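The file query03.cif comes next; it holds mmCIF, C-alpha atoms.
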data_upload
loop_
_atom_site.label_atom_id
_atom_site.label_comp_id
_atom_site.auth_asym_id
_atom_site.auth_seq_id
_atom_site.Cartn_x
_atom_site.Cartn_y
_atom_site.Cartn_z
CA MET N 79 247.98 75.54 -5.04
CA THR N 80 249.05 74.82 -1.49
CA THR N 81 246.46 75.40 1.21
CA PRO N 82 247.37 78.72 2.85
CA LEU N 83 248.35 78.55 6.49
CA ILE N 84 246.86 80.87 9.08
CA GLN N 85 249.36 82.24 11.60
CA MET N 86 248.06 83.71 14.84
CA ALA N 87 250.28 86.44 16.28
CA LEU N 88 250.33 86.13 20.06
CA ASP N 89 251.21 89.68 21.02
CA SER N 90 250.28 89.76 24.71
CA LEU N 91 253.07 90.03 27.25
CA ASP N 92 251.27 87.91 29.82
CA PHE N 93 252.12 84.21 29.97
CA ASP N 94 248.69 82.91 30.94
CA THR N 95 246.79 85.27 28.63
CA THR N 96 248.95 84.06 25.74
CA LEU N 97 248.20 80.41 26.46
CA ALA N 98 244.49 81.11 26.93
CA LEU N 99 244.26 82.93 23.59
CA ALA N 100 246.10 80.09 21.87
CA GLU N 101 243.59 77.65 23.36
CA GLN N 102 240.63 79.67 22.04
CA VAL N 103 241.83 79.91 18.45
CA ALA N 104 243.68 76.59 18.16
CA PRO N 105 241.07 74.80 16.00
CA HIS N 106 241.20 77.56 13.39
CA VAL N 107 244.91 78.35 13.00
CA ASP N 108 247.97 76.42 11.84
CA ILE N 109 250.85 78.40 13.30
CA PHE N 110 251.20 80.04 16.70
CA GLU N 111 253.49 83.04 16.47
CA ILE N 112 255.11 84.08 19.73
CA GLY N 113 255.50 87.80 19.14
CA THR N 114 258.80 89.58 19.72
CA PRO N 115 257.71 91.47 22.85
CA CYS N 116 256.16 88.25 24.20
CA ILE N 117 259.32 86.17 23.76
CA LYS N 118 261.55 88.87 25.26
CA HIS N 119 259.18 89.14 28.20
CA ASN N 120 258.64 85.45 28.89
CA GLY N 121 261.69 83.69 27.53
CA VAL N 122 262.02 80.20 26.13
CA ARG N 123 259.66 78.64 28.67
CA ILE N 124 256.67 79.97 26.73
CA VAL N 125 257.85 78.01 23.67
CA GLN N 126 258.04 74.88 25.79
CA ALA N 127 254.58 75.54 27.27
CA LEU N 128 252.97 75.97 23.83
CA ARG N 129 254.78 72.91 22.48
CA ASP N 130 253.53 70.80 25.38
CA ARG N 131 249.93 71.94 24.98
CA PHE N 132 249.78 71.97 21.18
CA PRO N 133 251.90 69.12 19.83
CA ASN N 134 250.31 69.33 16.37
CA HIS N 135 250.56 73.06 15.75
CA LEU N 136 253.50 74.80 14.18
CA ILE N 137 255.25 77.31 16.42
CA LEU N 138 257.01 80.39 15.09
CA VAL N 139 259.21 82.39 17.45
CA ASP N 140 259.51 85.95 16.21
CA LEU N 141 263.06 86.41 17.48
CA LYS N 142 263.89 89.12 14.92
CA THR N 143 267.50 88.08 15.37
CA MET N 144 270.00 90.85 14.55
CA ASP N 145 273.30 89.22 15.53
CA ALA N 146 274.78 85.94 16.76
CA GLY N 147 272.33 84.02 14.62
CA GLU N 148 273.13 80.42 15.47
CA TYR N 149 273.75 81.08 19.17
CA GLU N 150 270.50 82.93 19.66
CA ALA N 151 268.21 80.69 17.63
CA ALA N 152 269.53 77.21 18.48
CA PRO N 153 267.89 76.88 21.93
CA PHE N 154 264.51 77.91 20.53
CA TYR N 155 264.56 75.17 17.92
CA ALA N 156 265.64 72.78 20.68
CA ALA N 157 262.63 73.90 22.74
CA GLY N 158 260.22 73.00 19.97
CA ALA N 159 260.04 75.97 17.62
CA ASN N 160 259.43 75.09 13.98
CA ILE N 161 260.26 78.53 12.63
CA CYS N 162 262.49 81.31 13.97
CA THR N 163 262.72 84.73 12.36
CA VAL N 164 265.86 86.69 11.55
CA LEU N 165 265.95 90.28 10.38
CA GLY N 166 266.88 90.90 6.76
CA VAL N 167 268.80 93.98 7.94
CA ALA N 168 271.01 91.67 10.02
CA GLY N 169 272.93 90.64 6.92
CA SER N 170 274.09 87.37 5.45
CA ALA N 171 276.37 86.06 8.23
CA THR N 172 273.60 86.25 10.81
CA ILE N 173 270.98 84.81 8.46
CA ALA N 174 273.34 81.93 7.62
CA GLY N 175 273.83 81.33 11.34
CA VAL N 176 270.13 80.82 11.90
CA VAL N 177 269.96 78.49 8.89
CA LYS N 178 272.82 76.51 10.45
CA ALA N 179 270.87 76.21 13.70
CA THR N 180 268.10 74.34 11.86
CA SER N 181 270.44 71.68 10.52
CA ILE N 182 270.12 69.29 13.45
CA HIS N 183 266.32 69.45 13.55
CA SER N 184 263.74 68.02 11.21
CA ASN N 185 260.84 70.30 10.38
CA ALA N 186 262.82 73.41 11.38
CA GLU N 187 262.66 76.47 9.13
CA VAL N 188 264.00 80.01 8.98
CA GLN N 189 261.99 83.08 8.09
CA VAL N 190 263.66 86.32 7.03
CA ASP N 191 261.73 89.43 8.03
CA LEU N 192 261.98 92.15 5.39
CA ILE N 193 260.93 94.90 7.82
CA ASN N 194 262.87 98.10 7.05
CA VAL N 195 265.13 96.37 4.50
CA PRO N 196 266.07 99.05 1.94
CA ASP N 197 266.56 96.65 -1.02
CA LYS N 198 263.94 93.96 -0.43
CA ILE N 199 264.49 92.22 -3.78
CA ALA N 200 268.22 91.74 -3.18
CA CYS N 201 267.61 90.58 0.39
CA ALA N 202 264.94 88.07 -0.66
CA LYS N 203 267.18 86.62 -3.37
CA GLU N 204 270.18 86.38 -1.05
CA SER N 205 268.07 84.82 1.71
CA ALA N 206 266.77 82.15 -0.67
CA ALA N 207 270.35 81.42 -1.74
CA LEU N 208 271.38 81.05 1.92
CA GLY N 209 268.73 78.37 2.46
CA VAL N 210 266.00 80.43 4.09
CA HIS N 211 262.60 78.78 3.81
CA ILE N 212 260.19 81.67 4.26
CA ILE N 213 260.29 85.33 3.26
CA GLY N 214 258.25 87.47 5.62
CA VAL N 215 256.76 90.57 4.05
CA HIS N 216 256.11 92.63 7.11
CA THR N 217 254.81 96.09 7.86
CA GLY N 218 255.58 96.66 11.52
CA LEU N 219 253.19 98.04 14.10
CA ASP N 220 254.92 101.43 14.18
CA ALA N 221 254.78 101.64 10.37
CA GLN N 222 251.12 100.56 10.35
CA ALA N 223 250.40 103.41 12.73
CA ALA N 224 251.88 105.67 10.05
CA GLY N 225 249.47 104.26 7.46
CA GLN N 226 251.69 101.73 5.69
CA THR N 227 250.57 98.31 4.41
CA PRO N 228 252.44 95.22 3.14
CA PHE N 229 250.61 94.86 -0.19
CA THR N 230 253.07 96.55 -2.57
CA ASP N 231 256.01 94.61 -1.14
CA LEU N 232 254.04 91.37 -1.40
CA ASN N 233 253.56 91.79 -5.12
CA THR N 234 257.22 92.67 -5.60
CA ILE N 235 258.45 89.57 -3.78
CA ALA N 236 255.87 87.22 -5.28
CA ASP N 237 256.92 88.31 -8.77
CA LEU N 238 260.47 87.07 -8.13
CA GLY N 239 259.28 83.44 -8.26
CA LEU N 240 261.82 82.31 -5.65
CA ASN N 241 261.67 78.79 -4.24
CA VAL N 242 260.48 80.03 -0.84
CA LYS N 243 257.18 80.41 0.94
CA ILE N 244 255.88 83.94 1.40
CA SER N 245 254.38 85.06 4.68
CA VAL N 246 252.55 88.36 4.97
CA ALA N 247 251.97 90.35 8.15
CA GLY N 248 250.77 93.83 8.90
CA GLY N 249 247.20 94.67 9.82
CA ILE N 250 245.56 91.83 7.87
CA LYS N 251 241.79 91.52 8.40
CA PRO N 252 239.13 89.17 7.00
CA ALA N 253 238.57 91.66 4.18
CA THR N 254 242.24 91.58 3.12
CA ALA N 255 243.23 87.97 3.90
CA ARG N 256 241.87 86.79 0.60
CA LEU N 257 243.73 89.48 -1.29
CA VAL N 258 247.10 88.47 0.10
CA VAL N 259 246.50 84.81 -0.67
CA ASP N 260 245.49 85.64 -4.23
CA ALA N 261 248.66 87.70 -4.50
CA GLY N 262 250.84 84.72 -3.61
CA ALA N 263 251.05 84.47 0.18
CA GLU N 264 251.15 80.94 1.58
CA ILE N 265 251.15 82.10 5.18
CA VAL N 266 248.73 84.78 6.37
CA VAL N 267 249.55 86.37 9.70
CA VAL N 268 246.70 87.78 11.71
CA GLY N 269 246.97 89.52 15.04
CA ALA N 270 244.70 92.32 16.20
CA ALA N 271 241.86 91.27 13.88
CA ILE N 272 241.62 88.10 15.97
CA TYR N 273 242.72 89.04 19.48
CA SER N 274 240.81 92.33 19.53
CA ALA N 275 237.60 90.71 18.29
CA GLU N 276 234.69 90.12 20.63
CA SER N 277 235.10 86.41 19.89
CA PRO N 278 238.69 85.57 18.88
CA ALA N 279 237.62 82.05 17.92
CA ALA N 280 234.88 83.33 15.60
CA ALA N 281 237.27 85.86 14.06
CA ALA N 282 239.90 83.17 13.46
CA ARG N 283 237.27 80.97 11.85
CA GLU N 284 236.17 83.82 9.61
CA ILE N 285 239.76 84.31 8.41
CA ARG N 286 240.01 80.56 7.75
CA ASP N 287 236.77 80.58 5.75
CA THR N 288 237.87 83.63 3.77
CA VAL N 289 241.16 82.02 2.85
CA SER N 290 239.51 78.74 1.94
CA ILE N 291 237.11 80.51 -0.43
CA ALA N 292 240.14 82.10 -2.03
CA GLU N 293 241.51 78.68 -2.94
CA VAL N 294 238.59 77.78 -5.25
CA MET S 38 286.27 114.39 31.75
CA THR S 39 283.59 112.08 33.11
CA THR S 40 284.84 108.85 34.61
CA PRO S 41 284.23 106.19 31.96
CA LEU S 42 281.79 103.45 32.89
CA ILE S 43 282.60 99.79 32.43
CA GLN S 44 279.75 97.70 31.07
CA MET S 45 279.87 93.93 31.44
CA ALA S 46 278.07 92.03 28.69
CA LEU S 47 276.33 89.01 30.19
CA ASP S 48 276.11 86.77 27.14
CA SER S 49 275.37 83.39 28.70
CA LEU S 50 271.95 81.87 28.13
CA ASP S 51 271.84 80.21 31.54
CA PHE S 52 270.05 82.07 34.32
CA ASP S 53 272.25 80.93 37.21
CA THR S 54 275.51 81.26 35.26
CA THR S 55 274.55 84.83 34.41
CA LEU S 56 273.91 85.74 38.04
CA ALA S 57 277.10 84.00 39.18
CA LEU S 58 279.22 85.90 36.65
CA ALA S 59 277.60 89.18 37.68
CA GLU S 60 278.49 88.39 41.30
CA GLN S 61 282.13 87.76 40.41
CA VAL S 62 282.69 90.99 38.50
CA ALA S 63 280.33 93.30 40.43
CA PRO S 64 283.02 95.24 42.31
CA HIS S 65 284.77 96.18 39.06
CA VAL S 66 281.95 97.13 36.70
CA ASP S 67 279.28 99.85 36.63
CA ILE S 68 276.69 98.47 34.22
CA PHE S 69 275.40 94.94 33.82
CA GLU S 70 274.30 94.33 30.25
CA ILE S 71 271.80 91.54 29.78
CA GLY S 72 272.71 90.39 26.28
CA THR S 73 270.09 89.96 23.57
CA PRO S 74 270.20 86.14 23.47
CA CYS S 75 270.11 86.10 27.30
CA ILE S 76 267.01 88.31 27.56
CA LYS S 77 265.17 86.37 24.84
CA HIS S 78 266.03 83.14 26.60
CA ASN S 79 265.21 84.14 30.17
CA GLY S 80 262.67 86.91 29.89
CA VAL S 81 262.05 89.83 32.22
CA ARG S 82 262.58 87.79 35.37
CA ILE S 83 266.35 87.99 34.89
CA VAL S 84 266.11 91.79 35.01
CA GLN S 85 264.21 91.53 38.28
CA ALA S 86 266.74 89.06 39.69
CA LEU S 87 269.71 91.31 38.87
CA ARG S 88 267.91 94.37 40.23
CA ASP S 89 267.18 92.57 43.50
CA ARG S 90 270.77 91.41 43.94
CA PHE S 91 272.53 94.55 42.72
CA PRO S 92 270.51 97.60 43.77
CA ASN S 93 273.41 99.98 43.12
CA HIS S 94 274.46 98.82 39.66
CA LEU S 95 273.06 100.13 36.42
CA ILE S 96 271.27 97.53 34.30
CA LEU S 97 271.15 97.68 30.51
CA VAL S 98 268.77 95.35 28.69
CA ASP S 99 270.00 94.80 25.15
CA LEU S 100 266.52 94.47 23.70
CA LYS S 101 267.62 95.57 20.20
CA THR S 102 264.02 96.64 19.69
CA MET S 103 262.97 96.74 16.03
CA ASP S 104 259.26 97.56 16.30
CA ALA S 105 256.57 98.44 18.84
CA GLY S 106 259.09 100.50 20.80
CA GLU S 107 257.06 101.68 23.77
CA TYR S 108 255.12 98.43 24.16
CA GLU S 109 258.23 96.27 24.15
CA ALA S 110 260.47 98.41 26.35
CA ALA S 111 258.03 99.69 28.99
CA PRO S 112 257.89 96.51 31.11
CA PHE S 113 261.68 96.28 31.22
CA TYR S 114 262.01 99.78 32.66
CA ALA S 115 259.26 98.87 35.12
CA ALA S 116 261.27 95.79 36.12
CA GLY S 117 264.30 97.89 36.99
CA ALA S 118 266.27 98.44 33.78
CA ASN S 119 268.10 101.75 33.59
CA ILE S 120 268.88 101.50 29.88
CA CYS S 121 267.13 99.66 27.04
CA THR S 122 268.54 99.48 23.53
CA VAL S 123 266.70 100.09 20.28
CA LEU S 124 268.08 99.42 16.82
CA GLY S 125 268.98 102.41 14.71
CA VAL S 126 267.66 100.50 11.69
CA ALA S 127 264.23 100.41 13.39
CA GLY S 128 263.59 104.01 12.41
CA SER S 129 262.36 107.11 14.17
CA ALA S 130 258.86 106.01 15.24
CA THR S 131 260.21 102.99 17.10
CA ILE S 132 263.08 104.95 18.66
CA ALA S 133 260.63 107.64 19.79
CA GLY S 134 258.45 104.93 21.32
CA VAL S 135 261.28 103.69 23.52
CA VAL S 136 262.09 107.27 24.54
CA LYS S 137 258.42 107.66 25.50
CA ALA S 138 258.64 104.53 27.67
CA THR S 139 261.32 106.22 29.81
CA SER S 140 259.15 109.22 30.62
CA ILE S 141 257.54 107.77 33.74
CA HIS S 142 260.83 106.60 35.26
CA SER S 143 263.66 108.55 36.79
CA ASN S 144 267.14 107.39 35.82
CA ALA S 145 265.84 105.64 32.68
CA GLU S 146 267.75 106.06 29.44
CA VAL S 147 267.62 104.88 25.83
CA GLN S 148 270.55 103.65 23.81
CA VAL S 149 270.43 103.47 20.03
CA ASP S 150 272.50 100.65 18.57
CA LEU S 151 274.13 101.68 15.28
CA ILE S 152 274.74 98.06 14.22
CA ASN S 153 274.25 97.73 10.44
CA VAL S 154 272.92 101.29 10.10
CA PRO S 155 273.91 102.44 6.61
CA ASP S 156 274.10 106.19 7.43
CA LYS S 157 275.40 106.24 10.99
CA ILE S 158 275.88 110.02 11.11
CA ALA S 159 272.28 110.75 10.12
CA CYS S 160 270.98 108.12 12.54
CA ALA S 161 273.06 109.47 15.44
CA LYS S 162 271.88 113.03 14.81
CA GLU S 163 268.24 111.98 14.50
CA SER S 164 268.47 109.84 17.64
CA ALA S 165 269.89 112.74 19.65
CA ALA S 166 267.06 114.95 18.38
CA LEU S 167 264.52 112.32 19.47
CA GLY S 168 265.85 112.41 23.02
CA VAL S 169 268.07 109.34 23.01
CA HIS S 170 270.69 109.44 25.76
CA ILE S 171 273.36 107.06 24.50
CA ILE S 172 274.67 106.20 21.03
CA GLY S 173 275.99 102.67 20.87
CA VAL S 174 278.78 102.13 18.39
CA HIS S 175 278.59 98.41 17.94
CA THR S 176 280.33 95.81 15.84
CA GLY S 177 278.25 92.67 16.25
CA LEU S 178 279.59 89.21 16.96
CA ASP S 179 278.98 88.02 13.41
CA ALA S 180 280.79 91.10 12.03
CA GLN S 181 283.67 90.62 14.50
CA ALA S 182 284.04 87.09 13.20
CA ALA S 183 284.51 88.69 9.77
CA GLY S 184 287.31 90.88 11.13
CA GLN S 185 285.48 94.15 11.71
CA THR S 186 286.07 96.53 14.65
CA PRO S 187 284.15 99.56 16.02
CA PHE S 188 287.06 102.02 16.00
CA THR S 189 286.40 103.87 12.74
CA ASP S 190 282.73 104.39 13.58
CA LEU S 191 283.67 105.60 17.06
CA ASN S 192 285.81 108.41 15.67
CA THR S 193 283.07 109.38 13.21
CA ILE S 194 280.39 109.62 15.90
CA ALA S 195 282.64 111.30 18.49
CA ASP S 196 283.53 114.01 15.94
CA LEU S 197 279.85 115.00 15.70
CA GLY S 198 279.95 116.47 19.22
CA LEU S 199 276.33 115.52 19.95
CA ASN S 200 274.92 115.94 23.44
CA VAL S 201 274.83 112.19 24.06
CA LYS S 202 277.03 109.63 25.73
CA ILE S 203 278.90 107.24 23.47
CA SER S 204 279.10 103.55 24.24
CA VAL S 205 281.44 101.25 22.35
CA ALA S 206 281.11 97.50 21.97
CA GLY S 207 282.77 94.90 19.82
CA GLY S 208 285.69 92.78 20.93
CA ILE S 209 287.17 95.30 23.37
CA LYS S 210 290.12 93.99 25.42
CA PRO S 211 292.39 95.56 28.05
CA ALA S 212 294.73 96.61 25.25
CA THR S 213 291.99 98.52 23.41
CA ALA S 214 289.85 99.82 26.29
CA ARG S 215 292.12 102.81 26.76
CA LEU S 216 292.03 103.63 23.06
CA VAL S 217 288.25 103.83 22.95
CA VAL S 218 288.12 106.05 26.03
CA ASP S 219 290.74 108.36 24.59
CA ALA S 220 288.67 108.49 21.39
CA GLY S 221 285.59 109.73 23.28
CA ALA S 222 283.73 106.72 24.65
CA GLU S 223 282.12 107.22 28.06
CA ILE S 224 280.89 103.63 28.27
CA VAL S 225 283.20 100.74 27.45
CA VAL S 226 281.49 97.41 26.86
CA VAL S 227 283.48 94.28 27.56
CA GLY S 228 282.27 90.74 27.10
CA ALA S 229 284.49 87.84 26.09
CA ALA S 230 287.66 89.53 27.42
CA ILE S 231 286.13 89.19 30.88
CA TYR S 232 283.94 86.10 30.79
CA SER S 233 286.43 84.00 28.85
CA ALA S 234 289.29 84.93 31.17
CA GLU S 235 290.64 82.45 33.70
CA SER S 236 289.61 84.93 36.38
CA PRO S 237 286.73 87.14 35.22
CA ALA S 238 287.12 89.31 38.33
CA ALA S 239 290.82 89.92 37.63
CA ALA S 240 290.10 90.66 33.98
CA ALA S 241 287.37 93.14 34.92
CA ARG S 242 289.72 94.82 37.36
CA GLU S 243 292.40 95.07 34.67
CA ILE S 244 289.94 96.82 32.36
CA ARG S 245 289.01 99.19 35.17
CA ASP S 246 292.66 100.00 35.87
CA THR S 247 293.37 100.54 32.17
CA VAL S 248 290.47 102.95 31.82
CA SER S 249 291.43 104.81 34.99
CA ILE S 250 294.98 105.30 33.70
CA ALA S 251 293.45 106.69 30.53
CA GLU S 252 291.78 109.42 32.55
CA VAL S 253 295.03 110.91 33.78
#
Rewrite the structure of this file - the entire thing - as structure tokens.
Amino acid sequence: MTTPLIQMALDSLDFDTTLALAEQVAPHVDIFEIGTPCIKHNGVRIVQALRDRFPNHLILVDLKTMDAGEYEAAPFYAAGANICTVLGVAGSATIAGVVKATSIHSNAEVQVDLINVPDKIACAKESAALGVHIIGVHTGLDAQAAGQTPFTDLNTIADLGLNVKISVAGGIKPATARLVVDAGAEIVVVGAAIYSAESPAAAAREIRDTVSIAEV
Amino acid sequence: MTTPLIQMALDSLDFDTTLALAEQVAPHVDIFEIGTPCIKHNGVRIVQALRDRFPNHLILVDLKTMDAGEYEAAPFYAAGANICTVLGVAGSATIAGVVKATSIHSNAEVQVDLINVPDKIACAKESAALGVHIIGVHTGLDAQAAGQTPFTDLNTIADLGLNVKISVAGGIKPATARLVVDAGAEIVVVGAAIYSAESPAAAAREIRDTVSIAEV
């Protein structure tokens, strides 16, 4: 079994706060996720700033691209992003456009976000066929506030046995990180459970330990 | 009949090119639209720059918000945006969040983008009930490349007679601007037909003249 990766969702809007949080948790996470509100607020320069400071971390830009896939994503890969996200609801032409944008970069991947996709199984299969590398099972913040969780969808997608990695996001805490890994997630996304903790570094380390135990 | 507004889609990624194009077409357009790739690339500072230079124009930020509606949109209204967009496929909680973000600003409006919405009639009705001000009938760039146009959807939404403005985007040219106004659009979005023209200012003026003739 592959060692699960821990992805830290950087959801602040503030440039310096984002970099400071990344610095705190860096030893305990594998992927820095620049959240959608953060990228819209700060622009591509925050990708460049993280890339400069953290040359050995993976960087995911949560673009949630809905249209103009290649045009929108290409400059983010050029700036140092390893993974850009595209919405499953965007449809195949847009998803294919983002895949095309990765073609001139090594170590560049595309993640499809299944948020609000009506037929998640069909979308996951089509995305895999289009060359997408990661399927993101994602319960959004507004849906979490309504009590939803990503666990049912995770099982559904994992059961498909597609040749893709599965990333899971949506209110994951130390108590649930192990569950999602056991259910087939290779990337565990954590946000509030780290950045709202008294010590973000300690919380990130606890998630790492939990996931490592799950590997045994 | 209300005088139709002309919205110029600023689709470049480059900060200075965007401001220069806005300067060229300013006398002939009512709304500057900061395109989705442009806002993700440049961040909120491009809203502030346009607001500073063009205090009397309306500014639309094409956020295409998919989640965390209030959190994502609020700083853009604070920076001077008059209109932010939210995706119809985002669902009611996210749409309501963007509506909530307008509450502390005068002259702040929300536009729902019907791109890829399966049931556009239901979404338009629900959006109007949630307090959305503008329904955006939108054929995306990737769908335009596949030969689609916004005209059928425009007629469908206009026939509902909702108490909202209708904005139409998707490959509109001088030859079609009049058609969309006659069909009920109060906001006509033009992008490539202006910025790809030899003289963007002349092209913008031609659109303006076409729409004005349509009013007679």
Once the PyMOL selection byres ((chain S) within 9 of (chain N)) has been applied to the shown file, what residues remain in the selection, as a PyMOL selection string? chain S and resi 50+73-82+100-106+108-110+112-113+126-128+130-131+134+152-154+177-180+183
Could you check how far atom CA of N:Pro133 sits from atom CA of N:Gly249, in Å to one decimal? 27.8 Å
Could you tell me how far atom CA of S:Gly117 lies from atom CA of S:Ile194, in Å and to one decimal? 29.0 Å
Just say which residues the PyMOL selection byres ((chain S and resi 225) around 8) picks in this file, as a ChimeraX atom specification. /S:41-44,204-206,209,214,217-218,222-224,226-227
Can you pull out the residues contacting S:Ile120? Cut-off 7 Å, using all atoms listed in the file, and skip same-chain residues under 5 positions away; I want them as a list in words.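 The residues that qualify are Ile96, Leu97, Val98, Ala145, Glu146, Val147 and Gln148 of chain S.
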What's around N:Asn134 at 12 Å? Count only C-alpha atoms, leave out sequence neighbours fewer than 6 positions away in its own chain, and write the answer as a PyMOL selection string. chain N and resi 104-105+107-110+128+158-160
Given the point (278.5, 85.7, 36.7) in the coordinates of this file, which residues lie within 12 Å, counting all atoms listed in the file, and how would they look as JSON, numbers by chain? {"S": [45, 46, 47, 48, 49, 50, 51, 52, 53, 54, 55, 56, 57, 58, 59, 60, 61, 62, 63, 64, 66, 69, 70, 71, 87, 228, 231, 232, 233, 236, 237, 238, 241]}
Smallest atom-to-atom distance to N:Cys201: which of N:Leu240, N:Val289, N:Pro252, N:Thr227, using only C-alpha atoms? N:Leu240
Could you jot down the atom CA of N:Val190 to atom CA of S:Asp150 separation for me, Å, one decimal place?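 According to the coordinates, atom CA of N:Val190 and atom CA of S:Asp150 are separated by 20.4 Å.
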